[in-house]
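What follows is one structure encoded as structure tokens, with my remarks underneath.
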Amino acid sequence: MKTQTHNLHTSKIHNNCPECYSTEGLEFSFSQEEKENKLYSRASKEIKEELYCHSCEQQIFPVKWTDDIERVYEYHKKRLKPKSSGFKLKPLAYLLILLDAIIIAALIYFFK
């Protein structure tokens, strides 16, 4: 099963970094994983968020977030439009379902 990560939203914010106190390098990224095989693809319900500082080149974990960063995080999280967590059938799955229906209909017709 192949897994892909889709970037849902990325935005630079102008808050102070808790590590280096720079106001230019912070960036939020929100991503979602999608598992895919030959018959269907399914997006996970979980959304991964990451705060990264490009100035000090470190990931900032939620324990070190300030109240200002929390507010900006909540604002950006409201604007997300994640993929549906349901599964999406691929053409091969539709073909197999159609062939099964034809076989069942033929069996019912001939053994009636």
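How things are named: the first chain in the structure tokens is A, the next is B, and so on; residues count from 1 in each chain; ligands count from 1 in the order shown.
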Might you pull out every residue within 7 Å of Glu36 (chain A), with only C-alpha atoms counted and same-chain residues fewer than 2 positions away left off, and present them as a tab-separated table (two decimals) with N, CA and C atoms, in the first residue's frame?
chain	number	residue	atom	x	y	z
A	1	MET	N	0.85	-1.17	0.00
A	1	MET	CA	0.00	0.00	0.00
A	1	MET	C	0.90	1.24	0.00
A	2	LYS	N	0.66	2.12	-0.93
A	2	LYS	CA	1.46	3.32	-1.07
A	2	LYS	C	0.85	4.45	-0.23
A	3	THR	N	1.70	5.21	0.45
A	3	THR	CA	1.24	6.32	1.28
A	3	THR	C	1.81	7.62	0.73
A	34	GLU	N	-2.50	10.05	2.75
A	34	GLU	CA	-3.48	9.32	1.94
A	34	GLU	C	-2.87	7.97	1.57
A	40	TYR	N	-8.59	1.26	-4.28
A	40	TYR	CA	-9.16	2.46	-3.66
A	40	TYR	C	-8.06	3.34	-3.06
A	41	SER	N	-8.44	4.56	-2.72
A	41	SER	CA	-7.55	5.46	-1.98
A	41	SER	C	-8.35	6.02	-0.80
A	42	ARG	N	-7.66	6.21	0.32
A	42	ARG	CA	-8.34	6.66	1.54
A	42	ARG	C	-7.45	7.67	2.27
When DSSP works through the backbone of this structure, what residues of region 33-71 of chain A end up as helix (DSSP H, G or I), shown as a short mmCIF file (atom, residue, chain, number, x, y, z; two decimals) with C-alpha atoms, in the first residue's frame?
data_model
loop_
_atom_site.label_atom_id
_atom_site.label_comp_id
_atom_site.auth_asym_id
_atom_site.auth_seq_id
_atom_site.Cartn_x
_atom_site.Cartn_y
_atom_site.Cartn_z
CA PRO A 62 3.56 22.90 20.89
CA VAL A 63 5.03 22.92 24.41
CA LYS A 64 7.06 26.02 23.54
CA ASP A 67 -0.28 32.46 23.42
CA ASP A 68 0.14 34.54 20.24
CA ILE A 69 1.31 31.51 18.28
CA GLU A 70 -1.62 29.50 19.67
CA ARG A 71 -4.08 32.14 18.41
#
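Between CA of Phe30 (chain A) and CA of Cys53 (chain A) lies a distance of 14.7 Å.
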Near Glu50 (chain A), within 9 Å and counting only C-alpha atoms, which residues show up once chain neighbours fewer than 2 positions away are dropped, as an MDAnalysis selection string?
-> chainID A and resid 27:31 48 52 59:62
Point out the residue among A:Lys45, A:Tyr73, A:Ile108, A:Leu98 with the least atom-to-atom distance to Gly86 (chain A), counting only C-alpha atoms.
-> A:Lys45
